[in-house]
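Q: Here you go, coords-v2.txt (compact mmCIF, C-alpha atoms):
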```
# COMPACT_ATOMS: atom_id res chain seq x y z
CA MET A 1 13.93 -8.47 -11.15
CA LYS A 2 11.86 -5.86 -12.95
CA GLY A 3 13.57 -2.50 -13.35
CA ARG A 4 16.45 -1.22 -11.29
CA PHE A 5 15.16 -2.26 -7.87
CA GLY A 6 15.02 -5.82 -6.62
CA ASN A 7 12.37 -7.53 -4.54
CA LYS A 8 13.98 -6.49 -1.28
CA GLN A 9 13.95 -2.81 -2.18
CA ARG A 10 10.40 -2.94 -3.51
CA ILE A 11 9.12 -4.62 -0.37
CA GLU A 12 11.03 -2.09 1.75
CA HIS A 13 9.37 0.72 -0.25
CA ALA A 14 5.96 -0.79 0.47
CA ILE A 15 6.72 -1.14 4.19
CA ASP A 16 8.00 2.44 4.31
CA ALA A 17 4.79 3.65 2.63
CA ILE A 18 2.72 1.77 5.20
CA GLY A 19 4.75 3.49 7.93
CA GLU A 20 4.01 6.88 6.37
CA ILE A 21 0.28 6.12 6.38
CA GLU A 22 0.47 4.98 10.00
CA ASN A 23 2.04 8.34 10.86
CA TYR A 24 -0.60 10.28 8.95
CA VAL A 25 -3.57 8.64 10.64
CA ALA A 26 -2.20 8.11 14.14
CA GLU A 27 -4.80 9.26 16.64
CA GLN A 28 -7.08 10.54 13.87
CA THR A 29 -10.78 9.89 13.51
CA PHE A 30 -12.66 9.15 10.32
CA ASP A 31 -14.33 12.57 10.53
CA LEU A 32 -10.94 14.29 10.68
CA PHE A 33 -9.76 12.13 7.78
CA LEU A 34 -12.79 13.22 5.75
CA SER A 35 -12.26 16.88 6.53
CA ASN A 36 -8.52 16.87 5.81
CA SER A 37 -7.93 16.55 2.08
CA MET A 38 -4.15 16.64 2.53
CA MET A 39 -4.27 13.59 4.80
CA ARG A 40 -6.62 11.74 2.44
CA PHE A 41 -4.52 12.43 -0.63
CA ALA A 42 -1.28 11.62 1.21
CA CYS A 43 -2.72 8.24 2.22
CA ILE A 44 -3.91 7.60 -1.32
CA LYS A 45 -0.46 8.45 -2.71
CA GLN A 46 1.20 6.04 -0.30
CA LEU A 47 -1.31 3.31 -1.24
CA GLU A 48 -0.35 3.94 -4.88
CA ILE A 49 3.32 3.51 -3.95
CA ILE A 50 2.53 0.23 -2.18
CA GLY A 51 0.69 -1.00 -5.26
CA GLU A 52 3.46 0.06 -7.61
CA ALA A 53 6.12 -1.59 -5.47
CA CYS A 54 4.12 -4.83 -5.26
CA ASN A 55 3.50 -4.73 -9.00
CA HIS A 56 7.25 -5.03 -9.56
CA VAL A 57 7.89 -7.98 -7.26
CA ASP A 58 8.92 -10.92 -9.43
CA THR A 59 6.56 -13.79 -10.20
CA GLU A 60 8.61 -16.33 -8.24
CA THR A 61 8.25 -14.30 -5.05
CA ILE A 62 4.56 -13.74 -5.69
CA ALA A 63 4.06 -17.49 -6.13
CA LYS A 64 6.11 -18.24 -2.99
CA TYR A 65 3.94 -15.97 -0.82
CA PRO A 66 0.32 -16.48 -1.92
CA GLU A 67 -0.99 -15.22 1.42
CA VAL A 68 -0.22 -11.69 0.20
CA GLU A 69 -3.07 -10.42 -1.96
CA TRP A 70 -0.72 -9.14 -4.65
CA ARG A 71 -3.40 -8.76 -7.34
CA LYS A 72 -5.75 -6.85 -5.06
CA ILE A 73 -2.94 -4.52 -3.99
CA VAL A 74 -2.03 -3.76 -7.60
CA GLY A 75 -5.72 -3.51 -8.48
CA LEU A 76 -6.22 -0.91 -5.76
CA ARG A 77 -3.27 1.05 -7.13
CA ASN A 78 -4.84 1.01 -10.58
CA LEU A 79 -8.19 2.13 -9.21
CA LEU A 80 -6.62 4.97 -7.23
CA ILE A 81 -4.61 6.21 -10.19
CA HIS A 82 -7.22 5.85 -12.91
CA GLU A 83 -10.47 6.46 -11.03
CA TYR A 84 -9.29 9.20 -8.71
CA PHE A 85 -12.58 11.11 -8.88
CA GLY A 86 -14.47 8.03 -7.73
CA VAL A 87 -12.28 7.04 -4.78
CA ASP A 88 -14.37 6.27 -1.72
CA ALA A 89 -12.78 7.80 1.38
CA ALA A 90 -14.50 5.25 3.61
CA LEU A 91 -12.90 2.43 1.61
CA VAL A 92 -9.47 4.05 1.94
CA TRP A 93 -9.98 4.45 5.70
CA ASP A 94 -11.08 0.82 5.99
CA ILE A 95 -8.04 -0.43 4.06
CA VAL A 96 -5.69 1.72 6.12
CA HIS A 97 -7.04 0.38 9.41
CA ASN A 98 -8.06 -3.16 8.56
CA ASN A 99 -5.73 -4.35 5.81
CA LEU A 100 -2.43 -2.52 6.14
CA PRO A 101 -1.44 -3.94 9.55
CA ASP A 102 -1.65 -7.50 8.17
CA LEU A 103 0.11 -6.51 4.95
CA LYS A 104 2.92 -4.89 6.92
CA ALA A 105 3.37 -8.07 8.96
CA GLN A 106 3.34 -10.24 5.81
CA LEU A 107 5.85 -8.05 3.98
CA SER A 108 8.10 -7.83 7.04
CA SER A 109 8.09 -11.62 7.23
CA ILE A 110 9.03 -11.87 3.56
CA LEU A 111 11.90 -9.42 4.11
CA GLU A 112 13.27 -11.70 6.83
CA ASP A 113 13.10 -14.57 4.35
CA ILE A 114 14.86 -12.79 1.49
```
Show me, as structure tokens, the structure contained in the file I just sent.

A:
Amino acid sequence: MKGRFGNKQRIEHAIDAIGEIENYVAEQTFDLFLSNSMMRFACIKQLEIIGEACNHVDTETIAKYPEVEWRKIVGLRNLLIHEYFGVDAALVWDIVHNNLPDLKAQLSSILEDI
């Protein structure tokens, strides 16, 4: 366990962040996403939280669940934090709609296993 939270809590944090993003973008279009900086930045912040939570999952758990793209998730977090002026809104939208549903299912499955 890294830090004061264990794997279960970290994975719960990531799932909660995914739920927040789902609430933000429910029934929204890409054009509305582009025009609403608060929604964009809220989604980006939650993606950062997901990456940070996944970054603190222990190596044994990461090795046990290779179907989760742990490195890409943490890499996205690093990009969002350090390259914030260069964040592509279309990429964020794509991740939110095409990657997060699968990640949520994977993390929920891991939670059942822990």

Q: Ranking A:Val87, A:Lys72, A:Val25, A:Ala105 by minimum distance to Met38 of chain A and counting all atoms listed in the file, which one comes first?

A: A:Val25

Q: Under the rule of at most 8 Å, produce a per-residue listing of segment 34-68 of chain A near segment 77-82 of chain A: chain, number, name, the closest pair of atoms, and the distance in Å, as a tab-separated table, using all atoms listed in the file.

A:
```
residue	atom	partner	partner_atom	distance
A:Ile44	CA	A:Leu80	CA	7.0
A:Leu47	CA	A:Arg77	CA	6.6
A:Glu48	CA	A:Arg77	CA	4.7
A:Ile49	CA	A:Arg77	CA	7.7
A:Ile50	CA	A:Arg77	CA	7.7
A:Gly51	CA	A:Arg77	CA	4.8
A:Glu52	CA	A:Arg77	CA	6.8
```

Q: Within 12 Å of Thr29 of chain A, counting all atoms listed in the file, which residues qualify if same-chain residues fewer than 3 places away don't, as a count of residues only?

A: 14

Q: For a test of reading the model, state the distance in Å between atom CA of Arg10 of chain A and atom CA of Leu111 of chain A, rounded to one decimal.

A: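 Atom CA of Leu111 of chain A lies 10.1 Å from atom CA of Arg10 of chain A.
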
Q: Distance atom CA of Asp16 of chain A-atom CA of Ile95 of chain A, one decimal place?

A: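 These atoms are spaced 16.3 Å apart.
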
Q: Report, in Å to a single decimal, how far apart atom CA of Ile11 of chain A and atom CA of His56 of chain A are.

A: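 One can read the atom CA of His56 of chain A to atom CA of Ile11 of chain A distance as 9.4 Å.
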